[in-house]
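What follows is the content of structure12.txt, which has compact mmCIF, C-alpha atoms:
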# COMPACT_ATOMS: atom_id res chain seq x y z
CA MET A 1095 49.40 -58.60 6.83
CA SER A 1096 49.25 -58.48 3.05
CA TRP A 1097 45.48 -58.91 3.15
CA ILE A 1098 45.15 -55.29 4.21
CA GLY A 1099 46.85 -54.29 0.96
CA GLU A 1100 44.58 -56.62 -0.97
CA THR A 1101 41.50 -55.21 0.77
CA VAL A 1102 42.45 -51.64 -0.10
CA ASP A 1103 43.12 -52.66 -3.70
CA SER A 1104 39.78 -54.39 -4.07
CA ILE A 1105 37.92 -51.39 -2.64
CA LYS A 1106 39.65 -49.17 -5.15
CA SER A 1107 38.78 -51.46 -8.09
CA ILE A 1108 35.08 -51.73 -7.35
CA LYS A 1109 32.68 -51.47 -10.27
CA ILE A 1110 29.19 -50.07 -10.01
CA ARG A 1111 27.45 -53.12 -11.49
CA GLN A 1112 29.25 -55.49 -9.17
CA LEU A 1113 28.41 -53.27 -6.23
CA LEU A 1114 24.74 -53.21 -7.14
CA THR A 1115 24.65 -57.00 -7.54
CA GLN A 1116 26.19 -57.42 -4.13
CA ALA A 1117 23.75 -54.96 -2.62
CA VAL A 1118 20.82 -56.89 -4.08
CA THR A 1119 22.25 -60.18 -2.82
CA LEU A 1120 22.59 -58.74 0.65
CA GLY A 1121 19.05 -57.40 0.43
CA MET A 1122 17.79 -60.87 -0.55
CA ILE A 1123 19.50 -62.46 2.43
CA VAL A 1124 18.01 -59.94 4.82
CA THR A 1125 14.49 -60.20 3.38
CA SER A 1126 14.52 -63.99 3.37
CA ALA A 1127 15.47 -63.91 7.06
CA LEU A 1128 12.53 -61.56 7.62
CA ILE A 1129 10.21 -63.89 5.68
CA ILE A 1130 11.26 -66.83 7.82
CA TRP A 1131 10.62 -64.79 10.97
CA LYS A 1132 7.14 -63.73 9.85
CA ALA A 1133 6.31 -67.30 8.78
CA MET A 1134 7.28 -68.50 12.26
CA MET A 1135 4.97 -65.88 13.72
CA CYS A 1136 2.10 -67.31 11.65
CA VAL A 1137 2.84 -70.92 12.50
CA THR A 1138 3.21 -70.42 16.23
CA GLY A 1139 0.38 -67.90 16.55
CA THR A 1140 2.34 -65.42 18.61
CA GLU A 1141 4.11 -62.20 17.72
CA SER A 1142 7.31 -63.38 19.31
CA PRO A 1143 7.85 -67.06 18.61
CA VAL A 1144 11.22 -67.03 20.36
CA VAL A 1145 12.27 -65.25 23.57
CA VAL A 1146 15.55 -65.10 25.43
CA VAL A 1147 15.45 -65.68 29.18
CA LEU A 1148 16.76 -62.52 30.80
CA SER A 1149 16.48 -63.14 34.53
CA GLY A 1150 17.13 -65.93 36.98
CA SER A 1151 13.58 -66.16 38.26
CA MET A 1152 12.93 -69.55 36.68
CA GLU A 1153 16.16 -71.25 37.70
CA PRO A 1154 17.32 -73.97 37.73
CA GLY A 1155 15.04 -74.85 34.83
CA PHE A 1156 15.71 -71.81 32.68
CA GLN A 1157 18.96 -69.95 33.05
CA ARG A 1158 19.77 -66.51 31.75
CA GLY A 1159 20.74 -66.87 28.10
CA ASP A 1160 18.46 -69.79 27.26
CA ILE A 1161 16.00 -69.55 24.42
CA LEU A 1162 12.33 -70.44 24.79
CA LEU A 1163 10.16 -71.51 21.86
CA LEU A 1164 6.63 -70.19 22.22
CA ARG A 1165 3.26 -71.09 20.86
CA MET A 1166 -0.13 -69.51 21.42
CA THR A 1167 -3.35 -71.42 20.83
CA LYS A 1168 -6.95 -70.75 21.73
CA ASP A 1169 -6.78 -73.44 24.43
CA PRO A 1170 -7.72 -72.19 27.88
CA ILE A 1171 -4.95 -71.15 30.23
CA ARG A 1172 -4.38 -73.64 33.03
CA THR A 1173 -2.11 -73.88 36.04
CA GLY A 1174 1.36 -75.20 35.45
CA GLU A 1175 1.76 -73.65 32.03
CA ILE A 1176 4.80 -71.48 31.56
CA VAL A 1177 3.56 -68.29 29.98
CA VAL A 1178 5.17 -65.20 28.58
CA PHE A 1179 3.36 -61.99 29.42
CA LYS A 1180 3.81 -58.25 29.23
CA ILE A 1181 2.54 -55.83 31.83
CA ASP A 1182 0.66 -52.81 30.42
CA GLY A 1183 3.07 -49.97 29.95
CA ARG A 1184 6.21 -52.08 30.12
CA ASP A 1185 8.19 -53.49 27.23
CA ILE A 1186 9.98 -56.43 28.70
CA PRO A 1187 8.24 -59.81 28.44
CA ILE A 1188 8.31 -61.93 31.58
CA VAL A 1189 8.40 -65.72 31.57
CA HIS A 1190 6.77 -67.28 34.64
CA ARG A 1191 4.51 -70.15 35.58
CA VAL A 1192 0.75 -69.91 36.15
CA ILE A 1193 -0.15 -70.87 39.71
CA GLU A 1194 -3.78 -69.79 39.93
CA VAL A 1195 -6.64 -69.69 37.43
CA HIS A 1196 -10.21 -68.48 37.92
CA GLU A 1197 -12.37 -68.84 34.83
CA ARG A 1198 -15.72 -67.04 34.67
CA LYS A 1199 -18.64 -69.26 33.81
CA THR A 1200 -20.54 -66.66 31.82
CA THR A 1201 -17.85 -64.90 29.83
CA GLY A 1202 -15.08 -67.48 29.71
CA LYS A 1203 -12.63 -64.78 30.78
CA VAL A 1204 -9.83 -65.84 33.10
CA ASP A 1205 -8.03 -64.29 36.05
CA VAL A 1206 -4.49 -65.61 36.16
CA LEU A 1207 -1.80 -65.38 38.83
CA THR A 1208 1.81 -66.18 38.00
CA LYS A 1209 5.04 -66.83 39.90
CA GLY A 1210 8.62 -67.48 38.97
CA ASP A 1211 9.80 -70.93 40.10
CA ASN A 1212 12.84 -69.44 41.82
CA ASN A 1213 10.97 -66.55 43.46
CA ASP A 1214 9.58 -66.75 46.98
CA VAL A 1215 6.46 -64.73 46.29
CA ASP A 1216 3.97 -64.53 43.46
CA ASP A 1217 4.03 -61.82 40.84
CA ILE A 1218 1.45 -59.45 42.35
CA ASP A 1219 4.17 -56.85 42.94
CA LEU A 1220 5.20 -57.04 39.29
CA TYR A 1221 1.77 -56.27 37.95
CA ALA A 1222 0.60 -52.69 37.38
CA ASP A 1223 -0.63 -50.73 40.40
CA GLY A 1224 -3.93 -52.08 41.61
CA GLN A 1225 -3.82 -55.02 39.20
CA MET A 1226 -4.44 -58.32 40.97
CA TRP A 1227 -4.70 -60.70 38.02
CA LEU A 1228 -3.42 -61.17 34.53
CA HIS A 1229 -5.89 -61.59 31.71
CA ARG A 1230 -5.68 -63.40 28.44
CA HIS A 1231 -4.70 -60.32 26.48
CA HIS A 1232 -1.57 -59.88 28.59
CA ILE A 1233 -0.31 -63.33 27.67
CA MET A 1234 1.73 -63.60 24.49
CA GLY A 1235 2.43 -67.30 24.41
CA ARG A 1236 3.15 -70.53 26.19
CA ALA A 1237 6.64 -72.01 26.35
CA VAL A 1238 6.67 -75.37 24.59
CA GLY A 1239 10.36 -75.95 23.94
CA PHE A 1240 13.73 -74.84 25.06
CA LEU A 1241 17.30 -74.47 23.77
CA PRO A 1242 20.09 -73.86 26.26
CA TYR A 1243 22.75 -71.11 25.98
CA VAL A 1244 21.84 -70.01 22.43
CA GLY A 1245 20.38 -66.72 23.63
CA TRP A 1246 23.68 -65.37 24.98
CA VAL A 1247 24.42 -63.90 21.56
CA THR A 1248 21.36 -61.66 21.85
CA ILE A 1249 22.13 -60.68 25.44
CA ILE A 1250 25.68 -59.70 24.59
CA MET A 1251 24.56 -57.68 21.59
CA THR A 1252 21.92 -55.85 23.64
CA GLU A 1253 24.09 -55.11 26.64
CA LYS A 1254 27.26 -54.22 24.77
CA PRO A 1255 26.07 -52.62 21.53
CA ILE A 1256 29.65 -51.97 20.49
CA ILE A 1257 29.90 -55.67 19.62
CA LYS A 1258 26.81 -55.37 17.42
CA TYR A 1259 28.37 -52.51 15.48
CA LEU A 1260 31.67 -54.37 15.17
CA LEU A 1261 29.92 -57.43 13.78
CA ILE A 1262 27.86 -55.45 11.26
CA GLY A 1263 30.93 -53.49 10.24
CA ALA A 1264 32.94 -56.66 9.71
CA MET A 1265 30.13 -58.29 7.73
CA GLY A 1266 29.79 -55.20 5.56
CA LEU A 1267 33.51 -55.23 4.90
CA LEU A 1268 33.43 -58.91 3.97
CA VAL A 1269 30.57 -58.34 1.52
CA ILE A 1270 32.31 -55.46 -0.19
CA THR A 1271 35.65 -57.15 -0.50
CA SER A 1272 34.57 -60.66 -1.49
CA LYS A 1273 35.34 -61.56 -5.03
CA ASP A 1274 32.13 -63.45 -5.77
CA MET B 1277 38.57 -71.05 -2.11
CA HIS B 1278 40.96 -72.60 0.30
CA SER B 1279 41.52 -69.62 2.50
CA PHE B 1280 41.27 -69.73 6.24
CA GLY B 1281 38.10 -67.66 6.18
CA TYR B 1282 36.21 -70.01 3.86
CA ARG B 1283 37.27 -73.09 5.74
CA GLY B 1284 36.38 -71.53 9.08
CA ASN B 1285 32.95 -70.52 7.76
CA ALA B 1286 32.20 -73.98 6.35
CA LEU B 1287 33.30 -75.65 9.57
CA LEU B 1288 31.19 -73.37 11.72
CA THR B 1289 28.07 -73.83 9.58
CA PHE B 1290 28.48 -77.57 9.63
CA ALA B 1291 29.03 -77.63 13.39
CA VAL B 1292 25.93 -75.57 14.07
CA THR B 1293 23.81 -77.72 11.76
CA ILE B 1294 24.99 -80.92 13.44
CA LEU B 1295 24.33 -79.43 16.88
CA ALA B 1296 20.82 -78.40 15.90
CA PHE B 1297 20.16 -81.88 14.52
CA MET B 1298 21.42 -83.52 17.71
CA CYS B 1299 19.17 -81.31 19.85
CA ALA B 1300 16.21 -82.26 17.67
CA ILE B 1301 16.76 -86.02 17.93
CA ALA B 1302 17.51 -85.78 21.66
CA SER B 1303 14.14 -84.15 22.08
CA PHE B 1304 12.43 -86.62 19.77
CA SER B 1305 13.77 -89.57 21.75
CA ASP B 1306 11.71 -88.37 24.72
CA ASN B 1307 8.58 -89.54 22.90
CA PHE B 1308 9.60 -93.15 23.32
CA SER B 1309 9.91 -93.23 27.08
CA ASN B 1310 7.32 -95.26 28.97
CA GLN B 1311 5.91 -93.07 31.71
CA THR B 1312 4.03 -94.57 34.66
CA PRO B 1313 3.95 -92.03 37.44
CA SER B 1314 1.80 -92.59 40.52
CA ALA B 1315 0.69 -90.41 43.40
CA GLN B 1316 -1.56 -90.24 46.43
CA ILE B 1317 -2.62 -87.23 48.44
CA GLN B 1318 -4.24 -87.31 51.83
CA ILE B 1319 -5.61 -84.33 53.70
CA LEU B 1320 -4.41 -84.88 57.24
CA ASN B 1321 -5.96 -81.85 58.82
CA ILE B 1322 -7.87 -78.68 58.12
CA ASN B 1323 -5.76 -76.27 60.16
CA TRP B 1324 -8.19 -73.38 59.93
CA PHE B 1325 -10.96 -72.11 57.67
CA GLN B 1326 -11.92 -68.44 57.87
CA LYS B 1327 -13.51 -65.66 55.91
CA GLN B 1328 -10.91 -62.93 55.52
CA PRO B 1329 -11.62 -59.24 56.16
CA HIS B 1330 -11.72 -58.56 52.41
CA GLY B 1331 -14.56 -61.06 52.07
CA ASN B 1332 -12.78 -64.06 50.57
CA ASP B 1333 -12.67 -67.52 52.10
CA GLU B 1334 -9.30 -68.89 53.04
CA VAL B 1335 -8.38 -72.37 54.21
CA SER B 1336 -5.14 -73.84 55.50
CA LEU B 1337 -4.59 -77.58 55.11
CA THR B 1338 -1.95 -80.10 56.05
CA LEU B 1339 -1.32 -82.47 53.17
CA ASN B 1340 0.38 -85.83 53.01
CA ILE B 1341 1.77 -86.33 49.51
CA THR B 1342 3.23 -89.61 48.28
CA ALA B 1343 4.48 -89.85 44.74
CA ASP B 1344 6.69 -91.87 42.46
CA LEU B 1345 7.73 -89.81 39.46
CA GLN B 1346 10.90 -91.73 38.66
CA SER B 1347 9.63 -93.07 35.34
CA LEU B 1348 9.34 -89.52 33.98
CA PHE B 1349 13.10 -89.02 33.93
CA THR B 1350 14.92 -89.70 30.67
CA TRP B 1351 18.53 -89.04 29.74
CA ASN B 1352 17.34 -85.73 28.26
CA THR B 1353 15.64 -84.54 31.45
CA LYS B 1354 17.03 -81.57 33.33
CA GLN B 1355 14.42 -81.41 36.07
CA VAL B 1356 10.80 -82.22 36.81
CA PHE B 1357 8.61 -79.51 38.30
CA ALA B 1358 5.80 -81.04 40.36
CA PHE B 1359 2.93 -79.18 41.96
CA VAL B 1360 -0.38 -79.90 43.64
CA ALA B 1361 -3.42 -77.80 42.80
CA ALA B 1362 -6.95 -77.74 44.16
CA GLU B 1363 -9.68 -77.58 41.50
CA TYR B 1364 -13.27 -76.66 42.16
CA LYS B 1365 -16.33 -74.93 40.69
CA THR B 1366 -18.31 -72.05 42.10
CA SER B 1367 -21.47 -70.31 40.97
CA LYS B 1368 -19.48 -67.46 39.44
CA ASN B 1369 -16.48 -69.39 38.12
CA SER B 1370 -16.70 -72.49 35.96
CA LEU B 1371 -13.18 -73.46 37.02
CA ASN B 1372 -10.85 -72.45 39.81
CA GLN B 1373 -7.37 -73.87 40.07
CA VAL B 1374 -5.26 -72.89 43.06
CA SER B 1375 -1.73 -74.14 43.41
CA LEU B 1376 -1.05 -75.33 46.97
CA TRP B 1377 2.47 -76.72 46.84
CA ASP B 1378 5.26 -77.18 44.36
CA ALA B 1379 8.74 -78.65 44.23
CA ILE B 1380 11.61 -78.93 41.82
CA ILE B 1381 12.95 -82.46 41.42
CA PRO B 1382 16.43 -82.27 39.94
CA GLU B 1383 17.28 -85.97 39.84
CA LYS B 1384 15.64 -89.34 39.45
CA GLU B 1385 16.68 -90.38 42.96
CA HIS B 1386 14.61 -87.60 44.50
CA ALA B 1387 11.53 -88.38 42.43
CA LYS B 1388 10.12 -91.00 44.78
CA PHE B 1389 9.04 -89.09 47.87
CA TRP B 1390 6.72 -88.80 50.81
CA ILE B 1391 6.15 -85.37 52.30
CA GLN B 1392 3.86 -83.94 54.91
CA ILE B 1393 3.42 -80.15 54.79
CA SER B 1394 0.89 -77.44 55.11
CA ASN B 1395 0.03 -75.58 51.92
CA LYS B 1396 2.92 -73.52 50.60
CA TYR B 1397 0.63 -71.07 48.82
CA ARG B 1398 -2.50 -69.58 50.28
CA PHE B 1399 -5.76 -71.20 49.30
CA ILE B 1400 -8.01 -68.16 48.84
CA ASP B 1401 -11.27 -68.16 46.93
CA GLN B 1402 -12.69 -65.36 44.81
CA GLY B 1403 -15.62 -64.93 47.14
CA TYR B 1404 -16.88 -66.99 50.04
CA ASN B 1405 -17.98 -70.21 48.39
CA LEU B 1406 -15.76 -72.75 50.08
CA ARG B 1407 -18.00 -74.09 52.85
CA GLY B 1408 -18.93 -77.68 52.13
CA LYS B 1409 -17.17 -77.45 48.78
CA ASP B 1410 -16.22 -80.64 46.95
CA PHE B 1411 -12.90 -80.35 45.21
CA ASN B 1412 -10.26 -82.33 43.32
CA LEU B 1413 -6.59 -82.40 44.10
CA THR B 1414 -4.39 -82.72 41.05
CA LEU B 1415 -0.72 -83.55 41.01
CA HIS B 1416 0.82 -81.95 37.92
CA TRP B 1417 4.29 -82.52 36.59
CA HIS B 1418 6.24 -80.57 34.04
CA VAL B 1419 9.27 -82.30 32.55
CA MET B 1420 11.89 -79.75 31.56
CA PRO B 1421 14.41 -81.21 29.11
CA LYS B 1422 18.07 -80.48 28.65
CA THR B 1423 17.04 -79.46 25.15
CA GLY B 1424 13.83 -79.50 23.14
CA LYS B 1425 10.15 -80.07 23.82
CA MET B 1426 8.69 -79.86 27.32
CA PHE B 1427 6.06 -82.34 28.48
CA ALA B 1428 3.38 -81.86 31.10
CA ASP B 1429 0.59 -84.03 32.46
CA LYS B 1430 -1.33 -84.63 35.65
CA ILE B 1431 -3.14 -87.10 37.91
CA VAL B 1432 -6.56 -86.03 39.15
CA MET B 1433 -7.69 -87.26 42.55
CA SER B 1434 -11.26 -86.48 43.47
CA GLY B 1435 -13.44 -86.92 46.52
CA TYR B 1436 -12.13 -84.21 48.83
CA ARG B 1437 -14.49 -81.93 50.68
CA LEU B 1438 -14.12 -78.83 52.81
CA PRO B 1439 -15.99 -78.57 56.11
CA ASP B 1440 -19.46 -77.08 56.16
CA ALA B 1441 -18.61 -74.45 58.76
CA TYR B 1442 -15.71 -72.11 59.49
CA ARG B 1443 -13.31 -73.18 62.16

Represent the structure of the file as structure tokens.
Amino acid sequence: MSWIGETVDSIKSIKIRQLLTQAVTLGMIVTSALIIWKAMMCVTGTESPVVVVLSGSMEPGFQRGDILLLRMTKDPIRTGEIVVFKIDGRDIPIVHRVIEVHERKTTGKVDVLTKGDNNDVDDIDLYADGQMWLHRHHIMGRAVGFLPYVGWVTIIMTEKPIIKYLLIGAMGLLVITSKD
Amino acid sequence: MHSFGYRGNALLTFAVTILAFMCAIASFSDNFSNQTPSAQIQILNINWFQKQPHGNDEVSLTLNITADLQSLFTWNTKQVFAFVAAEYKTSKNSLNQVSLWDAIIPEKEHAKFWIQISNKYRFIDQGYNLRGKDFNLTLHWHVMPKTGKMFADKIVMSGYRLPDAYR
């Protein structure tokens, strides 16, 4: 347990210049992560290039905790595509499959109906009151790729925020007490 | 430099990098598979064909679907999602696609099948344009991998026609 003593000693012996350097380094790490995230947004054309699957409505293909890689292009929306959409007035994105498309000849606008693979009924009940179809502006992206299990980290941190604070606290402690 | 923490960190970073690399090449290997799926759809019967109270046409069909999707399965395939959709044009809509039936195929053994069912999802038009309508039936498949890129494609079968009068 001597590392506790060492930790306390190193906190006591901290110098301002060293502290500032470490703060800048930490800032650089955080901003480069942000730059990568924004660059991904540009490349994939959607404001959330990665989503975590939160419900079991697309099982057995997508389980809770999987990560979906999204892309949005100007291509028309067609049946069979797995799309991520948000209902007006609700925050949570939903990932379901398109089962019906009606595209207007004159305007090119589409009416879209979706359904989760594991659900018995289509999503009409999920849409806002009186809404029968989704439109292009509701759809944030199409799922093009998939990574299993990686999203559990995000789910745990959202549902038990204490773990998030513990992690950040531990990282902060590591940064302060590291000798480089 | 040789503390437990440093070694643990290096090991973890290396492990995650290797795992990410393996997922990427597993997905990439899917590009080399030779895919020759085949399918046939027959309309056995038009069960009924009515105009609903809200003004839209609805038709109920019995379909006979034969398909062999075994060549779509690779070692990186978790499941194949197959569905049949009807595609047609109307005066208002340049394209209508209505999904009639779908199934999840979890294993290669189940991918060669023959099934006779009536449409799982209701075939309702936006309007009442379906009398005498020519339409295509498409069998789509969506290959969902264990990790990586998803593939989708379809076979279009044309030459189907709805009756000229309600029944």

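Residues lying within 12 Å of Ser1305 in chain B, counting all atoms listed in the file and ignoring same-chain neighbours fewer than 4 positions away, are Met1298, Cys1299, Ala1300, Ile1301, Ser1309, Asn1310, Thr1350, Trp1351, Asn1352, Thr1353, Pro1421, Thr1423, Gly1424 and Lys1425 of chain B.
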
Using all atoms listed in the file, which chain B residues lie at most 6 Å away from chain A, written as a list in words?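 That gives the following set of residues: Lys1368, Asn1369, Ser1370, Leu1371, Asn1372, Gln1373, Val1374, Ser1375, Thr1423, Gly1424, Lys1425 and Met1426 of chain B.
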
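CA of Val1144 in chain A is positioned 19.6 Å from CA of Phe1304 in chain B.
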
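Taking CA of Ser1314 in chain B as the reference point, CA of Thr1342 in chain B is found at 8.4 Å.
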
I'd like the neighbourhood of Tyr1243 in chain A as JSON, numbers by chain, where a residue qualifies if any of its atoms comes within 9 Å (using all atoms listed in the file), though same-chain residues fewer than 3 positions away should be ignored. {"A": [1157, 1158, 1159, 1160, 1161, 1246, 1247]}

Residue subset to file, keeping C-alpha atoms, as a PDB file, in the coordinates of the input:
ATOM      1  CA  GLN A1157      18.960 -69.950  33.050  1.00  0.00           C
ATOM      2  CA  ARG A1158      19.770 -66.510  31.750  1.00  0.00           C
ATOM      3  CA  GLY A1159      20.740 -66.870  28.100  1.00  0.00           C
ATOM      4  CA  ASP A1160      18.460 -69.790  27.260  1.00  0.00           C
ATOM      5  CA  ILE A1161      16.000 -69.550  24.420  1.00  0.00           C
ATOM      6  CA  TRP A1246      23.680 -65.370  24.980  1.00  0.00           C
ATOM      7  CA  VAL A1247      24.420 -63.900  21.560  1.00  0.00           C
TER       8      VAL A1247
END

Up to 12 Å from (1.4, -88.0, 37.9) in the file's coordinates: name the residues, counting all atoms listed in the file, as a ChimeraX atom specification. /B:1311-1317,1341-1348,1356-1360,1387-1388,1413-1419,1427-1433

Could you check how far CA of Val1189 in chain A sits from CA of Val1244 in chain A, in Å to one decimal? 16.8 Å

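Minimum atom-to-atom distances from A:Pro1170, A:Ile1249, A:Ile1129, A:Cys1136 to Ser1149 in chain A were compared using all atoms listed in the file, and the lowest value belongs to A:Ile1249.
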
Do a neighbour search on Gln1355 in chain B at 6 Å with only C-alpha atoms, toss out local chain neighbours closer than 5 positions, and write the hits as a list in words.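 Selected residues are Ile1381, Pro1382 and Met1420 of chain B.
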
If we count only C-alpha atoms, what is near Ile1400 in chain B at a cut-off of 9 Å, once residues fewer than 6 positions away on the same chain are taken out, given as a PyMOL selection string? chain B and resi 1328+1332-1335+1374

Please identify all polymer residues within 6 Å of Asn1321 in chain B, counting only C-alpha atoms, omitting same-chain residues fewer than 2 positions from it, and present them as a PDB file with C-alpha atoms, in the coordinates of the input.
ATOM      1  CA  ILE B1319      -5.610 -84.330  53.700  1.00  0.00           C
ATOM      2  CA  ASN B1323      -5.760 -76.270  60.160  1.00  0.00           C
ATOM      3  CA  LEU B1337      -4.590 -77.580  55.110  1.00  0.00           C
ATOM      4  CA  THR B1338      -1.950 -80.100  56.050  1.00  0.00           C
TER       5      THR B1338
END
